[in-house]
$ cat upload_13.pdb   # PDB, C-alpha atoms
ATOM      1  CA  MET X  31       7.555  17.927  44.844
ATOM      2  CA  ARG X  32       9.383  14.724  44.027
ATOM      3  CA  THR X  33      12.236  14.655  41.531
ATOM      4  CA  HIS X  34      12.254  11.836  39.021
ATOM      5  CA  ASN X  35      15.532  10.514  37.648
ATOM      6  CA  CYS X  36      16.214   8.696  34.402
ATOM      7  CA  VAL X  37      16.746   4.978  34.998
ATOM      8  CA  LYS X  38      19.489   4.868  32.360
ATOM      9  CA  CYS X  39      21.642   7.973  32.905
ATOM     10  CA  GLY X  40      20.337   9.424  36.185
ATOM     11  CA  ASP X  41      19.445  12.809  34.672
ATOM     12  CA  THR X  42      16.278  14.573  35.837
ATOM     13  CA  VAL X  43      13.037  13.610  34.078
ATOM     14  CA  ALA X  44      10.396  16.319  33.656
ATOM     15  CA  GLU X  45       7.510  15.902  36.095
ATOM     16  CA  ALA X  46       4.878  15.969  33.341
ATOM     17  CA  ARG X  47       6.789  13.215  31.533
ATOM     18  CA  ALA X  48       7.086  11.136  34.707
ATOM     19  CA  ALA X  49       3.358  11.561  35.369
ATOM     20  CA  LEU X  50       2.706   9.847  32.018
ATOM     21  CA  GLY X  51       4.770   6.854  33.128
ATOM     22  CA  TYR X  52       8.039   7.562  31.335
ATOM     23  CA  HIS X  53      11.165   6.565  33.254
ATOM     24  CA  LEU X  54      13.709   7.839  30.729
ATOM     25  CA  CYS X  55      14.847  11.385  30.007
ATOM     26  CA  MET X  56      14.246  12.790  26.515
ATOM     27  CA  GLU X  57      17.748  11.926  25.248
ATOM     28  CA  CYS X  58      17.709   8.312  26.469
ATOM     29  CA  GLY X  59      14.127   7.889  25.264
ATOM     30  CA  GLU X  60      15.122   9.110  21.804
ATOM     31  CA  GLN X  61      18.027   6.635  21.682
ATOM     32  CA  GLN X  62      15.751   3.777  22.720
ATOM     33  CA  ALA X  63      13.109   4.722  20.149
ATOM     34  CA  ARG X  64      15.658   4.781  17.325
ATOM     35  CA  ARG X  65      16.798   1.226  18.166
ATOM     36  CA  ARG X  66      13.298  -0.225  17.787
ATOM     37  CA  LYS X  67      12.248  -0.936  14.246
ATOM     38  CA  HIS X  68       8.830  -2.251  13.293
ATOM     39  CA  THR X  69       5.989  -1.731  10.895
ATOM     40  CA  VAL X  70       2.314  -2.621  10.756
ATOM     41  CA  VAL X  71       1.128  -4.484   7.662
ATOM     42  CA  PRO X  72      -2.501  -4.995   6.577
ATOM     43  CA  MET X  73      -3.282  -8.596   5.679
ATOM     44  CA  ALA X  74      -5.603  -9.388   2.773
ATOM     45  CA  LYS X  75      -9.167  -9.927   4.042
ATOM     46  CA  SER X  76      -7.910  -9.992   7.622
ATOM     47  CA  ASN X  77      -6.459  -7.851  10.391
ATOM     48  CA  TYR X  78      -3.160  -6.051  10.690
ATOM     49  CA  ILE X  79       0.086  -7.750  11.751
ATOM     50  CA  LEU X  80       3.049  -6.201  13.571
ATOM     51  CA  VAL X  81       6.249  -7.062  11.708
ATOM     52  CA  THR X  82       9.581  -6.771  13.490
ATOM     53  CA  ASP X  83      11.571  -9.168  11.310
ATOM     54  CA  ARG X  84      12.393  -8.384   7.694
ATOM     55  CA  GLN X  85      12.283 -12.075   6.704
ATOM     56  CA  LEU X  86       8.701 -12.327   7.955
ATOM     57  CA  LEU X  87       7.784  -9.308   5.849
ATOM     58  CA  ARG X  88       9.339 -10.906   2.774
ATOM     59  CA  GLY X  89       7.470 -14.137   3.491
ATOM     60  CA  LEU X  90       4.158 -12.284   3.616
ATOM     61  CA  ASN X  91       4.715 -10.742   0.187
ATOM     62  CA  LYS X  92       4.067 -13.429  -2.449
ATOM     63  CA  TYR X  93       5.741 -11.268  -5.117
ATOM     64  CA  ALA X  94       9.031 -10.831  -3.220
ATOM     65  CA  GLN X  95      12.061 -12.350  -4.879
TER      66      GLN X  95
END
$ encode --input "upload_13.pdb" --output "structure tokens"
Amino acid sequence: MRTHNCVKCGDTVAEARAALGYHLCMECGEQQARRRKHTVVPMAKSNYILVTDRQLLRGLNKYAQ
């Protein structure tokens, strides 16, 4: 049985979690997830777009002030 360590803090990562391809422990993974902010917006008569910048989101909304 191989032990897997978190690449950020060195703590032990659960084997089931490592088998899924995660390289961070739960605490470091939670911190990383909270730093990422994005949303998915449906476009009129088109596909969806991933928005990571608030200015882009405002530019997509023709009614935004």
$ closest_residue --input "upload_13.pdb" --among "X:Asn91, X:Thr82, X:Thr33, X:Thr42" --to "Arg66 in chain X" --atoms "only C-alpha atoms"
X:Thr82
$ residues_around --input "upload_13.pdb" --residues "Val81 in chain X" --least-positions-apart "4" --cutoff "10 Å" --atoms "only C-alpha atoms" --output "PyMOL selection string"
chain X and resi 67-71+85-87+90
$ closest_residue --input "upload_13.pdb" --among "X:Lys92, X:Arg32, X:Arg84, X:Lys38" --to "Cys58 in chain X" --atoms "all atoms listed in the file"
X:Lys38
$ resolve_selection --input "upload_13.pdb" --expression "the PyMOL selection byres ((chain X and resi 59-64) around 12)" --output "CSV table (one decimal) with C-alpha atoms, keeping the file's coordinate frame"
chain,number,residue,atom,x,y,z
X,36,CYS,CA,16.2,8.7,34.4
X,37,VAL,CA,16.7,5.0,35.0
X,38,LYS,CA,19.5,4.9,32.4
X,39,CYS,CA,21.6,8.0,32.9
X,41,ASP,CA,19.4,12.8,34.7
X,43,VAL,CA,13.0,13.6,34.1
X,47,ARG,CA,6.8,13.2,31.5
X,52,TYR,CA,8.0,7.6,31.3
X,53,HIS,CA,11.2,6.6,33.3
X,54,LEU,CA,13.7,7.8,30.7
X,55,CYS,CA,14.8,11.4,30.0
X,56,MET,CA,14.2,12.8,26.5
X,57,GLU,CA,17.7,11.9,25.2
X,58,CYS,CA,17.7,8.3,26.5
X,65,ARG,CA,16.8,1.2,18.2
X,66,ARG,CA,13.3,-0.2,17.8
X,67,LYS,CA,12.2,-0.9,14.2
X,68,HIS,CA,8.8,-2.3,13.3
$ atom_distance --input "upload_13.pdb" --atom1 "CA of Ala48 in chain X" --atom2 "CA of His34 in chain X"
6.8 Å
$ atom_distance --input "upload_13.pdb" --atom1 "CA of Arg88 in chain X" --atom2 "CA of Ser76 in chain X"
17.9 Å
$ decode --input "upload_13.pdb" --residues "range 64-78 of chain X" --atoms "N, CA and C atoms" --output "PDB file, in the first residue's frame"
ATOM      1  N   ARG X  64     -12.095  27.478  -3.142  1.00  0.00           N
ATOM      2  CA  ARG X  64     -12.676  28.766  -2.750  1.00  0.00           C
ATOM      3  C   ARG X  64     -12.026  29.940  -3.470  1.00  0.00           C
ATOM      4  N   ARG X  65     -10.788  29.785  -3.941  1.00  0.00           N
ATOM      5  CA  ARG X  65     -10.111  30.854  -4.676  1.00  0.00           C
ATOM      6  C   ARG X  65     -10.612  30.968  -6.112  1.00  0.00           C
ATOM      7  N   ARG X  66     -11.106  29.908  -6.676  1.00  0.00           N
ATOM      8  CA  ARG X  66     -11.571  29.925  -8.068  1.00  0.00           C
ATOM      9  C   ARG X  66     -13.019  30.381  -8.127  1.00  0.00           C
ATOM     10  N   LYS X  67     -13.248  31.373  -8.926  1.00  0.00           N
ATOM     11  CA  LYS X  67     -14.597  31.911  -9.091  1.00  0.00           C
ATOM     12  C   LYS X  67     -14.939  31.908 -10.573  1.00  0.00           C
ATOM     13  N   HIS X  68     -16.046  31.294 -10.918  1.00  0.00           N
ATOM     14  CA  HIS X  68     -16.519  31.307 -12.295  1.00  0.00           C
ATOM     15  C   HIS X  68     -17.997  30.954 -12.325  1.00  0.00           C
ATOM     16  N   THR X  69     -18.591  31.245 -13.457  1.00  0.00           N
ATOM     17  CA  THR X  69     -19.990  30.903 -13.667  1.00  0.00           C
ATOM     18  C   THR X  69     -20.188  30.534 -15.131  1.00  0.00           C
ATOM     19  N   VAL X  70     -21.225  29.805 -15.407  1.00  0.00           N
ATOM     20  CA  VAL X  70     -21.560  29.419 -16.773  1.00  0.00           C
ATOM     21  C   VAL X  70     -22.826  30.169 -17.172  1.00  0.00           C
ATOM     22  N   VAL X  71     -22.770  30.836 -18.326  1.00  0.00           N
ATOM     23  CA  VAL X  71     -23.865  31.690 -18.769  1.00  0.00           C
ATOM     24  C   VAL X  71     -24.410  31.168 -20.096  1.00  0.00           C
ATOM     25  N   PRO X  72     -25.728  30.997 -20.212  1.00  0.00           N
ATOM     26  CA  PRO X  72     -26.299  30.604 -21.509  1.00  0.00           C
ATOM     27  C   PRO X  72     -26.378  31.819 -22.429  1.00  0.00           C
ATOM     28  N   MET X  73     -25.950  31.643 -23.658  1.00  0.00           N
ATOM     29  CA  MET X  73     -26.022  32.710 -24.651  1.00  0.00           C
ATOM     30  C   MET X  73     -27.331  32.558 -25.428  1.00  0.00           C
ATOM     31  N   ALA X  74     -27.890  33.664 -25.865  1.00  0.00           N
ATOM     32  CA  ALA X  74     -29.140  33.636 -26.620  1.00  0.00           C
ATOM     33  C   ALA X  74     -28.926  32.938 -27.960  1.00  0.00           C
ATOM     34  N   LYS X  75     -29.731  31.920 -28.225  1.00  0.00           N
ATOM     35  CA  LYS X  75     -29.683  31.153 -29.474  1.00  0.00           C
ATOM     36  C   LYS X  75     -28.294  30.591 -29.761  1.00  0.00           C
ATOM     37  N   SER X  76     -27.590  30.190 -28.711  1.00  0.00           N
ATOM     38  CA  SER X  76     -26.230  29.689 -28.890  1.00  0.00           C
ATOM     39  C   SER X  76     -25.915  28.695 -27.786  1.00  0.00           C
ATOM     40  N   ASN X  77     -24.634  28.528 -27.527  1.00  0.00           N
ATOM     41  CA  ASN X  77     -24.157  27.614 -26.493  1.00  0.00           C
ATOM     42  C   ASN X  77     -23.998  28.340 -25.169  1.00  0.00           C
ATOM     43  N   TYR X  78     -23.303  27.696 -24.264  1.00  0.00           N
ATOM     44  CA  TYR X  78     -22.990  28.285 -22.971  1.00  0.00           C
ATOM     45  C   TYR X  78     -21.562  28.824 -23.024  1.00  0.00           C
TER      46      TYR X  78
END
